[in-house]
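A short worksheet on the structure shown next.
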Amino acid sequence: MDFYVRIKNINALGAVDVAAIYSRLSNPGRNMRKELEMRYLSPEPGPHESINLALVWFEETFVAWVGTRTVQTRLSGRTVEAQSIECFTDPDFRKRGFAALGLQALISAGLIDKSNPVEVYRRSAFKVAERCGCKIVILTDPDA
């Protein structure tokens with residue numbers, strides 16, 4: 001079995017990566033599709049926020065991505081800076097640890113400090129963050 005992880009900034013993705021994330025590795029109306037539209041499909045001018053992505057490939061198939069960016073969130077009644085953890089795995093490859101592999105790559109690259117707060121938007125991502133050793137995981141409903 002052959003797998004690898006590439007870390008890229010969302011502002012420097014190749015066409016194959018954009019097409020795969022937009023068509024297979026995201027859901028309609030979700031944040032990642034909006035980010036790709038703003039940068040690649042209907043480009044808007046201006047500098048765009050930096051989002052670091054771990055792109056996980058398994059046997060020549062792009063199967064998952066995990067992203068992080070700096071966010072402001074609420075913790076114990078006050079606003080704090082945190083890293084978001086956003087991810088998506090191809091439904092045919094779920095429950096095999098690919099999101100955890102991508103998150104570990106971001107941690108190993110120094111793009112997420114697991115001692116600092118991280119914010120997630122799905123219960124499944126909460127579990128992945130805990131399993132990867134993140135100490136303070138905040139579950140936030142993005143639609144709230």
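Scheme for the structure tokens: letters A, B, ... for chains in order shown; per-chain residue numbers from 1; ligand numbers from 1 in order shown.
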Give me, as a PDB file with N, CA, C and O atoms, in the first residue's frame, all polymer residues having an atom no more than 8 Å from Cys132 (chain A), counting only C-alpha atoms and skipping those fewer than 2 positions away in the same chain.
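Resulting contents of part15.pdb:
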```
ATOM      1  N   ALA A 100      -6.720  11.581  10.271  1.00  0.00           N
ATOM      2  CA  ALA A 100      -5.718  11.624  11.342  1.00  0.00           C
ATOM      3  C   ALA A 100      -4.307  11.743  10.757  1.00  0.00           C
ATOM      4  O   ALA A 100      -3.464  12.475  11.287  1.00  0.00           O
ATOM      5  N   LEU A 103      -3.876  15.336   9.712  1.00  0.00           N
ATOM      6  CA  LEU A 103      -3.720  16.202  10.883  1.00  0.00           C
ATOM      7  C   LEU A 103      -2.337  16.011  11.501  1.00  0.00           C
ATOM      8  O   LEU A 103      -1.676  16.988  11.866  1.00  0.00           O
ATOM      9  N   GLN A 104      -1.870  14.783  11.593  1.00  0.00           N
ATOM     10  CA  GLN A 104      -0.526  14.536  12.138  1.00  0.00           C
ATOM     11  C   GLN A 104       0.538  15.211  11.267  1.00  0.00           C
ATOM     12  O   GLN A 104       1.537  15.714  11.783  1.00  0.00           O
ATOM     13  N   VAL A 128     -11.053  13.114  15.887  1.00  0.00           N
ATOM     14  CA  VAL A 128      -9.749  13.028  15.228  1.00  0.00           C
ATOM     15  C   VAL A 128      -8.744  13.911  15.969  1.00  0.00           C
ATOM     16  O   VAL A 128      -7.616  13.483  16.245  1.00  0.00           O
ATOM     17  N   ALA A 129      -9.129  15.135  16.324  1.00  0.00           N
ATOM     18  CA  ALA A 129      -8.232  16.049  17.029  1.00  0.00           C
ATOM     19  C   ALA A 129      -7.815  15.468  18.383  1.00  0.00           C
ATOM     20  O   ALA A 129      -6.635  15.530  18.752  1.00  0.00           O
ATOM     21  N   GLU A 130      -8.759  14.908  19.102  1.00  0.00           N
ATOM     22  CA  GLU A 130      -8.419  14.295  20.394  1.00  0.00           C
ATOM     23  C   GLU A 130      -7.456  13.128  20.213  1.00  0.00           C
ATOM     24  O   GLU A 130      -6.469  13.008  20.949  1.00  0.00           O
ATOM     25  N   CYS A 134      -4.437  16.700  20.499  1.00  0.00           N
ATOM     26  CA  CYS A 134      -4.762  18.106  20.750  1.00  0.00           C
ATOM     27  C   CYS A 134      -5.349  18.224  22.155  1.00  0.00           C
ATOM     28  O   CYS A 134      -6.243  17.466  22.534  1.00  0.00           O
TER      29      CYS A 134
END
```
List the spatial neighbours of region 49-53 of chain A as a PDB file with N, CA and C atoms, in the first residue's frame - criterion: any atom at most 8 Å away, only C-alpha atoms, same-chain residues fewer than 2 positions off excluded.
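Final file, around-v3.pdb:
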```pdb
ATOM      1  N   ILE A   7       1.748  18.962   1.810  1.00  0.00           N
ATOM      2  CA  ILE A   7       1.206  20.148   2.475  1.00  0.00           C
ATOM      3  C   ILE A   7       1.345  21.317   1.517  1.00  0.00           C
ATOM      4  N   LYS A   8       0.207  22.000   1.289  1.00  0.00           N
ATOM      5  CA  LYS A   8       0.173  23.148   0.383  1.00  0.00           C
ATOM      6  C   LYS A   8      -0.682  24.253   0.997  1.00  0.00           C
ATOM      7  N   ASN A   9      -0.418  25.463   0.570  1.00  0.00           N
ATOM      8  CA  ASN A   9      -1.281  26.576   0.921  1.00  0.00           C
ATOM      9  C   ASN A   9      -2.433  26.593  -0.073  1.00  0.00           C
ATOM     10  N   ILE A  10      -3.629  26.891   0.387  1.00  0.00           N
ATOM     11  CA  ILE A  10      -4.793  26.907  -0.502  1.00  0.00           C
ATOM     12  C   ILE A  10      -4.620  27.890  -1.656  1.00  0.00           C
ATOM     13  N   ASN A  11      -3.820  28.918  -1.452  1.00  0.00           N
ATOM     14  CA  ASN A  11      -3.615  29.917  -2.493  1.00  0.00           C
ATOM     15  C   ASN A  11      -2.660  29.438  -3.583  1.00  0.00           C
ATOM     16  N   PRO A  47      -5.759  40.006  -1.565  1.00  0.00           N
ATOM     17  CA  PRO A  47      -5.082  38.903  -0.883  1.00  0.00           C
ATOM     18  C   PRO A  47      -6.127  38.030  -0.195  1.00  0.00           C
ATOM     19  N   LEU A  55      -2.795  17.293   1.991  1.00  0.00           N
ATOM     20  CA  LEU A  55      -3.501  16.526   0.962  1.00  0.00           C
ATOM     21  C   LEU A  55      -3.031  15.083   1.054  1.00  0.00           C
ATOM     22  N   TRP A  65      -8.351  15.591   2.746  1.00  0.00           N
ATOM     23  CA  TRP A  65      -7.591  16.803   3.040  1.00  0.00           C
ATOM     24  C   TRP A  65      -7.919  17.230   4.466  1.00  0.00           C
ATOM     25  N   VAL A  66      -6.957  17.875   5.086  1.00  0.00           N
ATOM     26  CA  VAL A  66      -7.141  18.474   6.407  1.00  0.00           C
ATOM     27  C   VAL A  66      -6.560  19.873   6.308  1.00  0.00           C
ATOM     28  N   GLY A  67      -7.328  20.868   6.734  1.00  0.00           N
ATOM     29  CA  GLY A  67      -6.874  22.248   6.644  1.00  0.00           C
ATOM     30  C   GLY A  67      -6.840  22.928   7.984  1.00  0.00           C
ATOM     31  N   THR A  68      -6.051  23.982   8.065  1.00  0.00           N
ATOM     32  CA  THR A  68      -5.982  24.787   9.277  1.00  0.00           C
ATOM     33  C   THR A  68      -5.744  26.249   8.926  1.00  0.00           C
ATOM     34  N   ARG A  69      -6.312  27.091   9.734  1.00  0.00           N
ATOM     35  CA  ARG A  69      -6.112  28.544   9.640  1.00  0.00           C
ATOM     36  C   ARG A  69      -6.257  29.112  11.035  1.00  0.00           C
ATOM     37  N   LEU A 106       0.166  18.029   9.586  1.00  0.00           N
ATOM     38  CA  LEU A 106       0.138  19.463   9.917  1.00  0.00           C
ATOM     39  C   LEU A 106       0.808  19.724  11.263  1.00  0.00           C
ATOM     40  N   LEU A 111       2.516  23.428  11.849  1.00  0.00           N
ATOM     41  CA  LEU A 111       1.419  24.310  11.456  1.00  0.00           C
ATOM     42  C   LEU A 111       0.266  24.287  12.452  1.00  0.00           C
TER      43      LEU A 111
END
```
Q: Check the DSSP output for the backbone and give back, as a list in words, the residues of region 48-136 of chain A in alpha helix (DSSP H).
A: Phe98, Ala99, Ala100, Leu101, Gly102, Leu103, Gln104, Ala105, Leu106, Ile107, Ser108, Arg123, Ser124, Ala125, Phe126, Lys127, Val128, Ala129, Glu130 and Arg131 of chain A
Write the residues of the selection above to a file with C-alpha atoms, as a PDB file, in the first residue's frame.
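Contents of the output file result_9.pdb:
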```pdb
ATOM      1  CA  PHE A  98      -6.669   9.302   6.562  1.00  0.00           C
ATOM      2  CA  ALA A  99      -7.906  12.454   8.344  1.00  0.00           C
ATOM      3  CA  ALA A 100      -5.718  11.624  11.342  1.00  0.00           C
ATOM      4  CA  LEU A 101      -2.753  11.133   8.997  1.00  0.00           C
ATOM      5  CA  GLY A 102      -3.341  14.580   7.469  1.00  0.00           C
ATOM      6  CA  LEU A 103      -3.720  16.202  10.883  1.00  0.00           C
ATOM      7  CA  GLN A 104      -0.526  14.536  12.138  1.00  0.00           C
ATOM      8  CA  ALA A 105       1.280  15.906   9.073  1.00  0.00           C
ATOM      9  CA  LEU A 106       0.138  19.463   9.917  1.00  0.00           C
ATOM     10  CA  ILE A 107       1.240  18.971  13.533  1.00  0.00           C
ATOM     11  CA  SER A 108       4.608  17.533  12.448  1.00  0.00           C
ATOM     12  CA  ARG A 123     -18.097  15.942  15.963  1.00  0.00           C
ATOM     13  CA  SER A 124     -16.079  13.565  13.755  1.00  0.00           C
ATOM     14  CA  ALA A 125     -13.261  16.136  13.539  1.00  0.00           C
ATOM     15  CA  PHE A 126     -13.426  16.542  17.326  1.00  0.00           C
ATOM     16  CA  LYS A 127     -12.598  12.850  17.751  1.00  0.00           C
ATOM     17  CA  VAL A 128      -9.749  13.028  15.228  1.00  0.00           C
ATOM     18  CA  ALA A 129      -8.232  16.049  17.029  1.00  0.00           C
ATOM     19  CA  GLU A 130      -8.419  14.295  20.394  1.00  0.00           C
ATOM     20  CA  ARG A 131      -6.855  11.098  18.996  1.00  0.00           C
TER      21      ARG A 131
END
```
(Q) For a test of reading the model, state the distance in Å between CA of Ala82 (chain A) and CA of Glu119 (chain A), rounded to one decimal. (A) 6.5 Å
(Q) Calculated over only C-alpha atoms, which of the candidates A:Ala64, A:Tyr121, A:Val18, A:Met1 has the smallest distance to Met38 (chain A)? (A) A:Val18
Q: Would you mind listing what lies within 7 Å of Tyr4 (chain A) as a PyMOL selection string, with only C-alpha atoms counted and same-chain residues fewer than 4 positions away left out?
A: chain A and resi 56-58
Could you take the residues named above and write them with all heavy atoms, as a PDB file, in the first residue's frame?
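Final output, out22.pdb:
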```
ATOM      1  N   VAL A  56      -3.962  14.165   1.333  1.00  0.00           N
ATOM      2  CA  VAL A  56      -3.612  12.767   1.563  1.00  0.00           C
ATOM      3  C   VAL A  56      -3.949  11.944   0.325  1.00  0.00           C
ATOM      4  O   VAL A  56      -5.091  11.943  -0.140  1.00  0.00           O
ATOM      5  CB  VAL A  56      -4.360  12.206   2.797  1.00  0.00           C
ATOM      6  CG1 VAL A  56      -3.953  10.757   3.052  1.00  0.00           C
ATOM      7  CG2 VAL A  56      -4.112  13.068   4.031  1.00  0.00           C
ATOM      8  N   TRP A  57      -2.948  11.244  -0.176  1.00  0.00           N
ATOM      9  CA  TRP A  57      -3.084  10.398  -1.360  1.00  0.00           C
ATOM     10  C   TRP A  57      -2.876   8.944  -0.946  1.00  0.00           C
ATOM     11  O   TRP A  57      -1.981   8.627  -0.158  1.00  0.00           O
ATOM     12  CB  TRP A  57      -2.043  10.772  -2.411  1.00  0.00           C
ATOM     13  CG  TRP A  57      -2.311  12.111  -3.031  1.00  0.00           C
ATOM     14  CD1 TRP A  57      -2.137  13.342  -2.467  1.00  0.00           C
ATOM     15  CD2 TRP A  57      -2.823  12.348  -4.335  1.00  0.00           C
ATOM     16  NE1 TRP A  57      -2.505  14.321  -3.343  1.00  0.00           N
ATOM     17  CE2 TRP A  57      -2.923  13.748  -4.500  1.00  0.00           C
ATOM     18  CE3 TRP A  57      -3.188  11.508  -5.382  1.00  0.00           C
ATOM     19  CZ2 TRP A  57      -3.383  14.323  -5.674  1.00  0.00           C
ATOM     20  CZ3 TRP A  57      -3.645  12.088  -6.561  1.00  0.00           C
ATOM     21  CH2 TRP A  57      -3.741  13.479  -6.695  1.00  0.00           C
ATOM     22  N   PHE A  58      -3.701   8.062  -1.493  1.00  0.00           N
ATOM     23  CA  PHE A  58      -3.585   6.623  -1.228  1.00  0.00           C
ATOM     24  C   PHE A  58      -3.689   5.880  -2.551  1.00  0.00           C
ATOM     25  O   PHE A  58      -4.677   6.016  -3.269  1.00  0.00           O
ATOM     26  CB  PHE A  58      -4.698   6.177  -0.273  1.00  0.00           C
ATOM     27  CG  PHE A  58      -4.723   4.702  -0.010  1.00  0.00           C
ATOM     28  CD1 PHE A  58      -3.710   4.093   0.704  1.00  0.00           C
ATOM     29  CD2 PHE A  58      -5.767   3.927  -0.474  1.00  0.00           C
ATOM     30  CE1 PHE A  58      -3.735   2.730   0.955  1.00  0.00           C
ATOM     31  CE2 PHE A  58      -5.806   2.564  -0.239  1.00  0.00           C
ATOM     32  CZ  PHE A  58      -4.785   1.960   0.484  1.00  0.00           C
TER      33      PHE A  58
END
```
Q: Give me every strand (DSSP E or B) residue in chain A, going by DSSP on the backbone, as a ChimeraX atom specification.
A: /A:3-9,52-58,61-68,70-75,78-89,118-120,137-139
Q) If we count only C-alpha atoms, what is near Leu41 (chain A) at a cut-off of 10 Å, once residues fewer than 5 positions away on the same chain are taken out, given as a PyMOL selection string? A) chain A and resi 18-19+22+33-36
Q: Rounded to one decimal place, report the CA of Gly29 (chain A)-CA of Glu86 (chain A) distance in Å.
A: 14.6 Å
Q: Choose the residue, out of A:Ala109, A:Val137, A:Ser23, A:Arg122, that has the smallest atom-to-atom separation from Cys87 (chain A); count only C-alpha atoms.
A: A:Arg122
Q) Expressed in Å to a single decimal, how great is the separation between CA of Pro28 (chain A) and CA of Phe88 (chain A)? A)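 Going from CA of Pro28 (chain A) over to CA of Phe88 (chain A) covers 12.5 Å.
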Excluding Val80 (chain A) and its own-chain neighbours fewer than 6 positions away, which residues fall within 10 Å of it when counting only C-alpha atoms? Please give them as a PDB file with all heavy atoms, in the first residue's frame.
```pdb
ATOM      1  N   VAL A  71      -8.001  31.322  13.738  1.00  0.00           N
ATOM      2  CA  VAL A  71      -9.367  31.800  13.964  1.00  0.00           C
ATOM      3  C   VAL A  71      -9.481  32.407  15.356  1.00  0.00           C
ATOM      4  O   VAL A  71      -8.659  32.138  16.232  1.00  0.00           O
ATOM      5  CB  VAL A  71     -10.403  30.657  13.807  1.00  0.00           C
ATOM      6  CG1 VAL A  71     -10.444  30.142  12.382  1.00  0.00           C
ATOM      7  CG2 VAL A  71     -10.141  29.528  14.784  1.00  0.00           C
ATOM      8  N   GLN A  72     -10.495  33.200  15.538  1.00  0.00           N
ATOM      9  CA  GLN A  72     -10.864  33.706  16.860  1.00  0.00           C
ATOM     10  C   GLN A  72     -12.058  32.882  17.340  1.00  0.00           C
ATOM     11  O   GLN A  72     -13.006  32.682  16.580  1.00  0.00           O
ATOM     12  CB  GLN A  72     -11.250  35.191  16.788  1.00  0.00           C
ATOM     13  CG  GLN A  72     -10.136  36.098  16.307  1.00  0.00           C
ATOM     14  CD  GLN A  72      -8.978  36.155  17.271  1.00  0.00           C
ATOM     15  OE1 GLN A  72      -9.158  36.317  18.467  1.00  0.00           O
ATOM     16  NE2 GLN A  72      -7.767  35.992  16.754  1.00  0.00           N
ATOM     17  N   THR A  73     -12.018  32.403  18.571  1.00  0.00           N
ATOM     18  CA  THR A  73     -13.103  31.590  19.102  1.00  0.00           C
ATOM     19  C   THR A  73     -13.341  31.932  20.565  1.00  0.00           C
ATOM     20  O   THR A  73     -12.566  32.666  21.168  1.00  0.00           O
ATOM     21  CB  THR A  73     -12.796  30.075  18.922  1.00  0.00           C
ATOM     22  OG1 THR A  73     -13.964  29.320  19.210  1.00  0.00           O
ATOM     23  CG2 THR A  73     -11.645  29.633  19.804  1.00  0.00           C
ATOM     24  N   ARG A  74     -14.412  31.409  21.104  1.00  0.00           N
ATOM     25  CA  ARG A  74     -14.758  31.659  22.499  1.00  0.00           C
ATOM     26  C   ARG A  74     -14.330  30.464  23.342  1.00  0.00           C
ATOM     27  O   ARG A  74     -14.592  29.315  22.991  1.00  0.00           O
ATOM     28  CB  ARG A  74     -16.260  31.876  22.663  1.00  0.00           C
ATOM     29  CG  ARG A  74     -16.821  33.037  21.859  1.00  0.00           C
ATOM     30  CD  ARG A  74     -16.471  34.380  22.392  1.00  0.00           C
ATOM     31  NE  ARG A  74     -17.076  34.606  23.687  1.00  0.00           N
ATOM     32  CZ  ARG A  74     -16.743  35.605  24.484  1.00  0.00           C
ATOM     33  NH1 ARG A  74     -15.823  36.460  24.130  1.00  0.00           N
ATOM     34  NH2 ARG A  74     -17.323  35.745  25.652  1.00  0.00           N
ATOM     35  N   PRO A 117      -5.298  25.898  21.819  1.00  0.00           N
ATOM     36  CA  PRO A 117      -6.670  25.538  21.437  1.00  0.00           C
ATOM     37  C   PRO A 117      -6.817  25.320  19.931  1.00  0.00           C
ATOM     38  O   PRO A 117      -6.199  26.019  19.129  1.00  0.00           O
ATOM     39  CB  PRO A 117      -7.500  26.756  21.872  1.00  0.00           C
ATOM     40  CG  PRO A 117      -6.668  27.474  22.871  1.00  0.00           C
ATOM     41  CD  PRO A 117      -5.239  27.200  22.492  1.00  0.00           C
TER      42      PRO A 117
END
```
